[in-house]
>>> print(open('my_file14.txt').read())   # compact mmCIF, C-alpha atoms and all ligand atoms
# COMPACT_ATOMS: atom_id res chain seq x y z
CA MET A 14 0.00 0.00 0.00
CA GLU A 15 1.10 3.53 -0.65
CA LYS A 16 -0.52 6.61 0.79
CA ILE A 17 0.37 10.07 2.04
CA ALA A 18 1.06 9.68 5.76
CA ALA A 19 0.77 13.36 6.61
CA LYS A 20 0.55 16.73 4.88
CA PHE A 21 1.64 20.09 6.15
CA ASN A 22 1.60 23.66 5.05
CA VAL A 23 3.09 26.92 6.23
CA GLN A 24 0.99 30.05 6.30
CA TYR A 25 2.46 33.42 5.22
CA ILE A 26 1.19 36.71 6.60
CA GLN A 27 1.62 40.17 5.15
CA ILE A 28 -0.65 43.09 6.05
CA LEU A 29 1.03 46.11 4.46
CA GLY A 30 1.80 46.34 0.78
CA GLU A 31 5.03 48.00 -0.31
CA LYS A 32 3.29 51.37 -0.60
CA GLY A 33 1.90 51.04 2.92
CA GLU A 34 -1.55 49.96 1.72
CA PRO A 35 -3.19 47.69 4.32
CA ASP A 36 -5.02 44.40 3.77
CA LYS A 37 -8.31 45.53 5.29
CA LYS A 38 -9.20 42.02 6.47
CA LEU A 39 -5.98 41.62 8.45
CA GLU A 40 -5.35 45.20 9.57
CA PRO A 41 -5.33 45.32 13.41
CA LYS A 42 -7.31 47.89 15.35
CA LEU A 43 -4.49 49.69 17.13
CA SER A 44 -4.83 53.11 18.71
CA PRO A 45 -3.01 56.09 17.14
CA GLN A 46 -0.65 56.01 20.15
CA GLN A 47 0.18 52.33 19.61
CA LEU A 48 0.80 52.88 15.91
CA ARG A 49 3.01 55.87 16.55
CA ASP A 50 4.96 53.92 19.18
CA LEU A 51 5.72 51.17 16.68
CA TYR A 52 7.10 53.82 14.33
CA LYS A 53 8.95 55.75 17.04
CA TRP A 54 10.93 52.75 18.27
CA MET A 55 11.94 51.72 14.75
CA VAL A 56 13.29 55.23 14.13
CA ILE A 57 15.08 55.29 17.48
CA GLU A 58 16.65 51.89 16.83
CA ARG A 59 17.93 53.11 13.47
CA MET A 60 19.35 56.27 15.07
CA PHE A 61 21.00 54.17 17.78
CA ASP A 62 22.43 51.95 15.05
CA SER A 63 23.97 54.74 13.00
CA THR A 64 25.44 56.33 16.13
CA ALA A 65 26.93 52.98 17.19
CA LEU A 66 28.45 52.49 13.75
CA ALA A 67 30.03 55.98 13.90
CA LEU A 68 31.36 55.32 17.42
CA GLN A 69 32.92 52.05 16.27
CA ARG A 70 34.54 53.74 13.26
CA GLU A 71 36.02 56.35 15.62
CA GLY A 72 37.37 53.62 17.91
CA ARG A 73 35.05 54.59 20.75
CA ILE A 74 33.28 51.18 21.00
CA GLY A 75 34.32 47.69 19.92
CA THR A 76 32.96 45.38 17.23
CA TYR A 77 29.27 46.10 16.71
CA ALA A 78 26.37 44.23 15.04
CA GLN A 79 24.00 46.52 13.16
CA SER A 80 20.20 46.18 13.27
CA LEU A 81 19.71 48.02 9.96
CA GLY A 82 16.77 46.53 8.05
CA GLU A 83 15.46 44.38 10.93
CA GLU A 84 13.69 47.12 12.90
CA ALA A 85 10.17 45.83 12.22
CA VAL A 86 11.05 42.40 13.60
CA HIS A 87 12.72 43.70 16.76
CA VAL A 88 10.16 46.39 17.54
CA GLY A 89 7.02 44.55 16.39
CA ALA A 90 7.82 41.44 18.41
CA THR A 91 8.92 43.31 21.55
CA LEU A 92 5.93 45.63 21.63
CA ALA A 93 3.59 42.65 21.09
CA ALA A 94 4.75 41.23 24.43
CA LYS A 95 3.41 42.21 27.83
CA PRO A 96 5.88 43.68 30.34
CA GLU A 97 5.76 40.45 32.39
CA ASP A 98 6.81 38.37 29.36
CA TRP A 99 10.53 37.69 29.17
CA ILE A 100 12.59 38.48 26.08
CA PHE A 101 15.59 36.33 25.07
CA PRO A 102 17.57 38.24 22.43
CA ASP A 103 20.66 37.36 20.48
CA TYR A 104 22.94 40.28 19.60
CA ARG A 105 21.16 42.39 17.00
CA GLU A 106 17.90 43.37 18.74
CA HIS A 107 18.95 46.72 20.22
CA ALA A 108 15.36 48.01 20.18
CA ALA A 109 14.23 45.14 22.42
CA PHE A 110 16.58 46.44 25.12
CA LEU A 111 15.60 50.07 24.63
CA ILE A 112 11.86 49.29 24.73
CA ARG A 113 12.41 47.30 27.93
CA GLY A 114 13.95 50.37 29.56
CA VAL A 115 17.60 49.38 29.33
CA PRO A 116 19.52 52.68 29.18
CA VAL A 117 21.32 53.60 25.96
CA ALA A 118 24.43 54.04 28.14
CA SER A 119 24.26 50.36 29.18
CA LEU A 120 24.17 49.24 25.56
CA PHE A 121 27.15 51.39 24.58
CA THR A 122 28.99 50.23 27.71
CA HIS A 123 28.37 46.63 26.62
CA TRP A 124 29.40 47.24 23.00
CA GLY A 125 32.38 49.14 24.35
CA GLY A 126 33.53 45.85 25.83
CA SER A 127 32.38 46.04 29.46
CA GLU A 128 30.04 43.48 30.98
CA ASP A 129 28.84 46.24 33.33
CA GLY A 130 26.54 47.22 30.46
CA MET A 131 24.64 43.96 30.75
CA LYS A 132 23.73 44.48 34.41
CA LEU A 133 20.14 45.10 33.41
CA PRO A 134 17.54 47.09 35.35
CA GLU A 135 15.18 45.20 37.66
CA ASN A 136 11.86 44.41 35.88
CA SER A 137 13.30 44.93 32.39
CA ASN A 138 12.59 41.20 31.93
CA ILE A 139 15.11 40.76 29.16
CA PHE A 140 18.15 38.47 29.14
CA PRO A 141 21.61 39.84 28.28
CA VAL A 142 23.01 39.82 24.74
CA CYS A 143 23.63 36.21 23.72
CA ILE A 144 26.56 35.62 21.39
CA PRO A 145 26.71 31.77 21.31
CA VAL A 146 24.40 31.18 18.38
CA GLY A 147 21.18 29.32 19.19
CA THR A 148 21.76 28.77 22.91
CA GLN A 149 19.10 31.31 23.86
CA THR A 150 16.48 28.91 22.46
CA LEU A 151 17.07 26.73 25.51
CA HIS A 152 16.83 29.71 27.87
CA GLY A 153 13.54 30.81 26.32
CA ALA A 154 12.10 27.29 26.31
CA GLY A 155 13.28 26.53 29.85
CA THR A 156 11.89 29.75 31.27
CA ALA A 157 8.55 29.14 29.57
CA ILE A 158 8.43 25.63 31.05
CA ALA A 159 9.15 27.18 34.47
CA PHE A 160 6.30 29.69 34.00
CA LYS A 161 3.98 26.80 33.23
CA LEU A 162 5.08 24.73 36.22
CA LYS A 163 4.73 27.76 38.51
CA LYS A 164 1.35 28.63 36.98
CA GLU A 165 2.55 32.14 36.13
CA LYS A 166 0.69 33.89 33.35
CA ALA A 167 3.83 35.05 31.55
CA ALA A 168 5.32 33.86 28.26
CA THR A 169 8.71 34.13 26.56
CA VAL A 170 9.82 35.62 23.25
CA THR A 171 13.11 34.26 21.93
CA PHE A 172 14.86 35.81 18.94
CA VAL A 173 17.11 33.64 16.82
CA GLY A 174 18.93 34.16 13.53
CA ASP A 175 18.61 31.91 10.49
CA ALA A 176 21.89 30.22 11.47
CA SER A 177 20.52 29.33 14.89
CA THR A 178 18.02 27.06 13.17
CA SER A 179 20.92 24.79 12.18
CA THR A 180 22.15 24.33 15.76
CA GLY A 181 21.35 21.45 18.08
CA ASP A 182 20.29 23.82 20.84
CA PHE A 183 17.54 25.25 18.63
CA HIS A 184 16.04 21.82 17.95
CA GLU A 185 16.32 20.69 21.56
CA GLY A 186 14.71 23.92 22.72
CA LEU A 187 11.81 23.58 20.29
CA ASN A 188 11.23 19.96 21.21
CA PHE A 189 11.17 20.71 24.94
CA ALA A 190 8.94 23.75 24.48
CA SER A 191 6.48 21.70 22.46
CA THR A 192 6.43 18.55 24.59
CA PHE A 193 5.70 20.72 27.64
CA GLN A 194 3.25 22.88 25.64
CA ALA A 195 5.18 25.76 27.16
CA PRO A 196 4.17 29.41 26.68
CA ALA A 197 7.09 30.15 24.37
CA VAL A 198 7.29 32.09 21.12
CA PHE A 199 10.36 31.83 18.93
CA VAL A 200 11.02 34.49 16.32
CA ILE A 201 13.50 33.65 13.57
CA ARG A 202 15.05 36.77 12.08
CA ASN A 203 15.63 35.34 8.63
CA ASN A 204 17.91 38.09 7.35
CA HIS A 205 19.24 35.80 4.59
CA TRP A 206 22.82 35.68 5.88
CA ALA A 207 24.88 34.10 8.63
CA ILE A 208 28.04 36.18 8.31
CA SER A 209 28.90 35.21 4.68
CA THR A 210 26.88 31.97 4.61
CA PRO A 211 23.75 32.41 2.49
CA ARG A 212 20.35 31.25 3.76
CA THR A 213 19.57 29.34 0.57
CA CYS A 214 21.51 26.61 -1.17
CA LEU A 215 21.87 26.65 -4.93
CA GLU A 216 21.51 23.38 -6.84
CA GLU A 217 25.27 23.01 -7.19
CA ASP A 218 26.19 23.97 -3.61
CA TRP A 219 28.02 21.41 -1.55
CA GLY A 220 27.96 22.74 2.00
CA GLY A 221 28.69 26.43 2.43
CA CYS A 222 25.00 27.35 2.57
CA GLN A 223 22.59 27.34 5.50
CA THR A 224 19.84 24.85 4.67
CA ARG A 225 17.86 23.18 1.92
CA SER A 226 14.62 23.59 3.92
CA GLU A 227 12.09 25.41 1.78
CA THR A 228 11.10 27.55 4.77
CA LEU A 229 12.64 27.94 8.20
CA ALA A 230 9.18 28.03 9.80
CA GLN A 231 8.59 24.40 8.77
CA LYS A 232 11.27 23.29 11.23
CA GLY A 233 8.64 23.69 13.95
CA ILE A 234 6.37 21.18 12.20
CA ALA A 235 8.82 18.45 13.15
CA TYR A 236 8.04 19.21 16.79
CA GLY A 237 4.27 19.50 16.42
CA MET A 238 4.40 23.25 16.89
CA ASN A 239 2.35 26.04 15.42
CA CYS A 240 4.47 27.71 12.78
CA VAL A 241 4.02 30.66 10.49
CA GLN A 242 6.03 32.86 8.15
CA VAL A 243 5.60 36.64 8.09
CA ASP A 244 6.87 39.55 6.06
CA GLY A 245 9.53 40.85 8.42
CA ASN A 246 9.56 44.24 6.72
CA ASP A 247 5.92 44.70 7.68
CA ILE A 248 5.69 45.71 11.31
CA LEU A 249 1.93 45.16 11.48
CA ALA A 250 2.33 41.55 10.29
CA VAL A 251 5.06 40.94 12.86
CA TYR A 252 3.10 42.59 15.69
CA VAL A 253 -0.18 40.78 14.97
CA THR A 254 1.49 37.38 14.52
CA VAL A 255 3.62 37.58 17.66
CA LYS A 256 0.68 38.89 19.70
CA LYS A 257 -1.53 36.01 18.58
CA ALA A 258 1.23 33.52 19.32
CA LEU A 259 1.66 34.99 22.82
CA ASP A 260 -2.10 34.95 23.47
CA ASP A 261 -2.20 31.30 22.35
CA ALA A 262 0.83 30.51 24.51
CA ARG A 263 -0.78 32.03 27.61
CA ALA A 264 -4.04 30.21 26.85
CA GLY A 265 -2.21 26.86 27.01
CA LYS A 266 -2.22 26.29 23.24
CA GLY A 267 1.52 25.67 23.13
CA PRO A 268 4.51 27.36 21.54
CA THR A 269 4.78 28.98 18.09
CA LEU A 270 7.70 29.30 15.71
CA ILE A 271 7.57 32.44 13.58
CA GLU A 272 9.89 33.04 10.63
CA ALA A 273 10.15 36.76 9.88
CA ILE A 274 11.61 37.35 6.44
CA CYS A 275 13.79 40.43 6.34
CA TYR A 276 17.23 41.29 5.03
CA ARG A 277 20.48 42.25 6.72
CA LEU A 278 21.12 45.61 5.05
CA GLY A 279 24.52 46.12 6.66
CA PRO A 280 27.56 43.97 7.33
CA HIS A 281 27.41 41.04 9.78
CA THR A 282 29.40 43.19 12.18
CA THR A 283 31.75 46.12 11.81
CA ALA A 284 34.52 43.50 11.33
CA ASP A 285 32.91 42.23 8.11
CA ASP A 286 32.97 43.41 4.49
CA PRO A 287 29.79 42.11 2.79
CA THR A 288 30.78 43.48 -0.64
CA ARG A 289 33.03 40.40 -0.87
CA TYR A 290 30.04 38.05 -0.94
CA GLN A 291 26.81 40.00 -1.57
CA ASP A 292 25.34 41.09 -4.88
CA ALA A 293 24.79 44.87 -4.70
CA THR A 294 21.71 44.73 -6.94
CA VAL A 295 20.01 42.27 -4.57
CA VAL A 296 20.80 44.44 -1.55
CA LYS A 297 19.42 47.48 -3.37
CA LYS A 298 16.19 45.59 -4.09
CA TRP A 299 15.78 44.77 -0.41
CA PHE A 300 16.55 48.35 0.59
CA GLU A 301 13.45 49.36 -1.36
CA LYS A 302 11.41 47.11 0.97
CA GLU A 303 12.90 48.47 4.20
CA PRO A 304 10.41 48.59 7.06
CA ILE A 305 10.47 52.21 8.26
CA LYS A 306 9.56 53.81 4.96
CA ARG A 307 6.70 51.35 4.42
CA PHE A 308 5.20 52.01 7.83
CA GLN A 309 5.64 55.75 7.40
CA LEU A 310 3.55 55.52 4.19
CA TYR A 311 0.86 53.62 6.14
CA LEU A 312 0.83 56.21 8.93
CA LYS A 313 0.61 58.98 6.35
CA ARG A 314 -2.50 57.34 4.86
CA LYS A 315 -4.00 57.34 8.36
CA LYS A 316 -2.98 60.97 8.89
CA LEU A 317 -0.74 59.94 11.79
CA TRP A 318 2.55 61.02 10.27
CA ASP A 319 3.76 64.50 9.35
CA ASP A 320 7.00 66.48 9.55
CA LYS A 321 6.18 67.72 13.02
CA PHE A 322 5.78 64.16 14.37
CA GLU A 323 8.97 63.06 12.60
CA LYS A 324 10.93 65.93 14.12
CA ALA A 325 9.58 65.14 17.61
CA VAL A 326 10.55 61.45 17.28
CA GLN A 327 14.03 62.33 16.06
CA ALA A 328 14.50 64.90 18.81
CA GLN A 329 13.53 62.32 21.45
CA GLY A 330 15.91 59.77 19.90
CA LYS A 331 18.75 62.28 19.75
CA ARG A 332 18.31 63.31 23.38
CA MET A 333 18.30 59.66 24.54
CA ILE A 334 21.28 58.68 22.44
CA ASP A 335 23.46 61.73 23.10
CA ALA A 336 22.94 61.40 26.85
CA GLY A 337 23.68 57.66 26.61
CA VAL A 338 26.96 58.17 24.73
CA LYS A 339 28.11 60.73 27.31
CA LEU A 340 27.33 58.47 30.26
CA ALA A 341 28.87 55.39 28.63
CA GLU A 342 32.09 57.26 27.96
CA GLU A 343 32.28 58.41 31.57
CA HIS A 344 32.07 54.79 32.70
CA LYS A 345 35.46 53.32 33.53
CA PRO A 346 35.42 49.51 33.67
CA LYS A 347 38.06 47.64 35.67
CA PRO A 348 40.64 46.05 33.34
CA THR A 349 40.46 42.87 35.47
CA ASP A 350 36.84 42.49 34.34
CA MET A 351 38.10 40.63 31.28
CA PHE A 352 39.10 37.81 33.60
CA ASP A 353 36.01 37.96 35.77
CA TYR A 354 33.14 37.50 33.31
CA VAL A 355 34.02 34.44 31.26
CA TYR A 356 34.28 31.56 33.74
CA SER A 357 32.60 31.36 37.14
CA GLU A 358 35.88 29.90 38.44
CA LEU A 359 39.13 30.86 36.79
CA THR A 360 41.33 28.13 35.34
CA PRO A 361 44.81 27.99 37.01
CA ASN A 362 46.54 29.66 34.04
CA LEU A 363 43.97 32.50 33.97
CA GLU A 364 44.34 32.87 37.74
CA GLU A 365 48.06 33.31 37.20
CA GLN A 366 47.54 35.80 34.37
CA ARG A 367 45.09 37.77 36.48
CA LYS A 368 47.63 38.04 39.32
CA GLU A 369 50.38 39.06 36.91
CA PHE A 370 48.11 41.67 35.36
CA GLU A 371 47.20 43.14 38.75
C1 LIG B 1 27.82 28.50 18.81
C2 LIG B 1 28.45 29.52 17.93
N1 LIG B 1 29.08 29.15 16.80
C3 LIG B 1 29.64 30.08 16.01
C4 LIG B 1 29.57 31.41 16.33
C5 LIG B 1 30.18 32.46 15.41
N2 LIG B 1 29.10 33.23 14.81
C6 LIG B 1 28.77 34.45 15.28
S1 LIG B 1 27.47 35.09 14.47
C7 LIG B 1 27.35 33.76 13.44
C8 LIG B 1 26.31 33.71 12.37
C9 LIG B 1 24.93 33.93 12.90
O1 LIG B 1 24.02 34.07 11.84
P1 LIG B 1 22.49 34.24 12.10
O2 LIG B 1 22.00 33.31 13.15
O3 LIG B 1 21.82 34.17 10.79
O4 LIG B 1 22.34 35.70 12.74
P2 LIG B 1 22.70 37.10 12.08
O5 LIG B 1 24.13 37.35 12.40
O6 LIG B 1 22.43 36.99 10.64
O7 LIG B 1 21.85 38.11 12.76
C10 LIG B 1 28.32 32.83 13.76
C11 LIG B 1 28.48 31.55 13.06
C12 LIG B 1 28.90 31.77 17.52
N3 LIG B 1 28.77 33.02 17.90
N4 LIG B 1 28.34 30.80 18.29
MG MG B 2 21.14 35.70 9.64
>>> encode(input="my_file14.txt", output="C-alpha cells")
Amino acid sequence: MEKIAAKFNVQYIQILGEKGEPDKKLEPKLSPQQLRDLYKWMVIERMFDSTALALQREGRIGTYAQSLGEEAVHVGATLAAKPEDWIFPDYREHAAFLIRGVPVASLFTHWGGSEDGMKLPENSNIFPVCIPVGTQTLHGAGTAIAFKLKKEKAATVTFVGDASTSTGDFHEGLNFASTFQAPAVFVIRNNHWAISTPRTCLEEDWGGCQTRSETLAQKGIAYGMNCVQVDGNDILAVYVTVKKALDDARAGKGPTLIEAICYRLGPHTTADDPTRYQDATVVKKWFEKEPIKRFQLYLKRKKLWDDKFEKAVQAQGKRMIDAGVKLAEEHKPKPTDMFDYVYSELTPNLEEQRKEFE
C-alpha cells in the first residue's frame, strides 16, 4: 500500500503592501498612540544603530552588530509582548533592550567591551546579549516551562537568527517547548545571511550554505508546533502574529515558531565586508522594501505622520542617544573584568595571568 502519511503547510502573513496599503481584512485595530509607538521605536533603533556604527569607526566602542533593516522584527515582536513576558535576544535586537527600559548608556557600555553594560535594570525582563548562536532557544524554552510549572501567566519571546536554526540547541529547545506545551514564542530573524553563509543553497552547492529547507518556519512542524512565516519588513504583520502567538501561549495552546523574512542591510558586524560576498543589486532591491519607509507611508494614509511628528521622534531619539553616549564614555570599567566574566571559576593559568596583570 502507498498513501500520504501526513501533509503540512506553512501560512504566510503580510498586512502592508510596499506602498503602505493595508489588507483591510488583516489590519489590526491599534490606537493612534500604539501605531506611533511602533514607528517611534523603529526610528530610534535606526538612530541608535547609525550612532553605534560611527562610534565604532572612531574607535570609541568595539565590534558592533547593526540592526539596519530588521527594525520591524525587533520592535514589532517586543511591543507585542506584555511587560511580564521575558525576552531572550541574540545580539542584533537593540530596540528590544531600549523598549524594555535598558539605558542607551548600558548598551554602549556593553558594546564598548564592558560586561557592566549587561547588568540590566530590575523588571526589564530581558536576558543579556547572547553571542553563542542558538543557545538562547534553551533559555527561552526553559523559562517558559518554568512559567507553566509555577502557573505564572507570563510567556517568553526568543529571537534567533537563520543560522541558529541549524544548531542542536535550537532543535532541543523547540522539542522541549512543544512537549511541555510551554508558553514560548520563537522568532526567527531570517535576514538571509549568517556572516557570509547564504540562507539558501543553490543546486550546485556542496555545504557552504545554511539549509535546503524550503522555509525555516517548517522546522517547527517536526516538533508539532504552530508555525508561520511573516513579512519581516511589515511591522503590522510581525506585531499581529507575535501577539496572537503569545495569546495562544498564555491560553495553554503551546509554543509557536515564527519566521520573519527580512534582510540584513549592513555587514554582519563592523569587522565584516559584505561586498566580498553580496550582490549589490540584490541588496538594493531589499533596501526598497525596508520597514520604516513602508510604515511611514501607512501612517501617512491614516494621517498619523507628518514632519512635526517626525521631528519630535528624532529629537527624542537624539536626546536619549546623546545622553547615553556621554554616560557610557564616563564609565570606567576595571581592566580585570576581562578575567572575571568568562568563567565562574578561573582556570589555574587564567588565575596566574590575572595576578600578573594586577
Ligand atoms: C555557537 C556559535 N558558533 C559560532 C559562532 C560564530 N558566529 C557568530 S554570528 C554567526 C552567524 C549567525 O548568523 P544568524 O544566526 O543568521 O544571525 P545574524 O548574524 O544573521 O543576525 C556565527 C556563526 C557563535 N557566535 N556561536
Ligand atoms: Mg542571519
>>> closest_residue(input="my_file14.txt", among="A:Ile100, A:Ile26, A:Val200, A:Ile74", to="ligand LIG 1 (chain B)", atoms="all atoms listed in the file")
A:Val200
>>> residues_near_ligand(input="my_file14.txt", ligand="ligand LIG 1 (chain B)", cutoff="6 Å", atoms="all atoms listed in the file", output="JSON, numbers by chain")
{"A": [144, 145, 146, 174, 175, 176, 177, 204, 206, 207, 208, 281]}
>>> closest_atom_pairs(input="my_file14.txt", of="region 203-303 of chain A", to="region 153-158 of chain A", cutoff="12 Å", atoms="only C-alpha atoms", output="JSON lines")
{"residue": "A:Leu259", "atom": "CA", "partner": "A:Ala157", "partner_atom": "CA", "distance": 11.3}
{"residue": "A:Ala262", "atom": "CA", "partner": "A:Ala157", "partner_atom": "CA", "distance": 9.3}
{"residue": "A:Arg263", "atom": "CA", "partner": "A:Ala157", "partner_atom": "CA", "distance": 10.0}
{"residue": "A:Gly265", "atom": "CA", "partner": "A:Ala157", "partner_atom": "CA", "distance": 11.3}
{"residue": "A:Gly267", "atom": "CA", "partner": "A:Ala157", "partner_atom": "CA", "distance": 10.1}
{"residue": "A:Pro268", "atom": "CA", "partner": "A:Ala154", "partner_atom": "CA", "distance": 9.0}
{"residue": "A:Thr269", "atom": "CA", "partner": "A:Ala154", "partner_atom": "CA", "distance": 11.1}
{"residue": "A:Leu270", "atom": "CA", "partner": "A:Ala154", "partner_atom": "CA", "distance": 11.7}
>>> closest_residue(input="my_file14.txt", among="A:Arg314, A:His205, A:Lys302, A:Lys232", to="ligand MG 2 (chain B)", atoms="all atoms listed in the file")
A:His205
>>> closest_residue(input="my_file14.txt", among="A:Arg202, A:Lys257, A:Arg367, A:His152", to="ligand MG 2 (chain B)", atoms="all atoms listed in the file")
A:Arg202
>>> residues_around(input="my_file14.txt", residues="Ser63 (chain A)", least_positions_apart="6", cutoff="10 Å", atoms="only C-alpha atoms", output="number ranges by chain")
A: 57, 69, 79-81
>>> closest_residue(input="my_file14.txt", among="A:Gly33, A:Gly337, A:Gly89, A:Pro211", to="ligand MG 2 (chain B)", atoms="all atoms listed in the file")
A:Pro211
>>> atom_distance(input="my_file14.txt", atom1="CA of Arg212 (chain A)", atom2="CA of Ile274 (chain A)")
11.0 Å
>>> residues_around(input="my_file14.txt", residues="region 239-247 of chain A", least_positions_apart="3", cutoff="7 Å", atoms="all atoms listed in the file", output="PyMOL selection string")
chain A and resi 23-29+85-86+230-231+233-234+250-251+268-275+302-304
>>> write_last_selection(input="my_file14.txt", atoms="C-alpha atoms", output="PDB file, in the frame of the given file")
ATOM      1  CA  VAL A  23       3.090  26.920   6.230  1.00  0.00           C
ATOM      2  CA  GLN A  24       0.990  30.050   6.300  1.00  0.00           C
ATOM      3  CA  TYR A  25       2.460  33.420   5.220  1.00  0.00           C
ATOM      4  CA  ILE A  26       1.190  36.710   6.600  1.00  0.00           C
ATOM      5  CA  GLN A  27       1.620  40.170   5.150  1.00  0.00           C
ATOM      6  CA  ILE A  28      -0.650  43.090   6.050  1.00  0.00           C
ATOM      7  CA  LEU A  29       1.030  46.110   4.460  1.00  0.00           C
ATOM      8  CA  ALA A  85      10.170  45.830  12.220  1.00  0.00           C
ATOM      9  CA  VAL A  86      11.050  42.400  13.600  1.00  0.00           C
ATOM     10  CA  ALA A 230       9.180  28.030   9.800  1.00  0.00           C
ATOM     11  CA  GLN A 231       8.590  24.400   8.770  1.00  0.00           C
ATOM     12  CA  GLY A 233       8.640  23.690  13.950  1.00  0.00           C
ATOM     13  CA  ILE A 234       6.370  21.180  12.200  1.00  0.00           C
ATOM     14  CA  ALA A 250       2.330  41.550  10.290  1.00  0.00           C
ATOM     15  CA  VAL A 251       5.060  40.940  12.860  1.00  0.00           C
ATOM     16  CA  PRO A 268       4.510  27.360  21.540  1.00  0.00           C
ATOM     17  CA  THR A 269       4.780  28.980  18.090  1.00  0.00           C
ATOM     18  CA  LEU A 270       7.700  29.300  15.710  1.00  0.00           C
ATOM     19  CA  ILE A 271       7.570  32.440  13.580  1.00  0.00           C
ATOM     20  CA  GLU A 272       9.890  33.040  10.630  1.00  0.00           C
ATOM     21  CA  ALA A 273      10.150  36.760   9.880  1.00  0.00           C
ATOM     22  CA  ILE A 274      11.610  37.350   6.440  1.00  0.00           C
ATOM     23  CA  CYS A 275      13.790  40.430   6.340  1.00  0.00           C
ATOM     24  CA  LYS A 302      11.410  47.110   0.970  1.00  0.00           C
ATOM     25  CA  GLU A 303      12.900  48.470   4.200  1.00  0.00           C
ATOM     26  CA  PRO A 304      10.410  48.590   7.060  1.00  0.00           C
TER      27      PRO A 304
END
>>> residues_around(input="my_file14.txt", residues="region 339-351 of chain A", least_positions_apart="3", cutoff="8 Å", atoms="all atoms listed in the file", output="PyMOL selection string")
chain A and resi 118-119+121-122+127-129+335-336+354-355+367+370-371
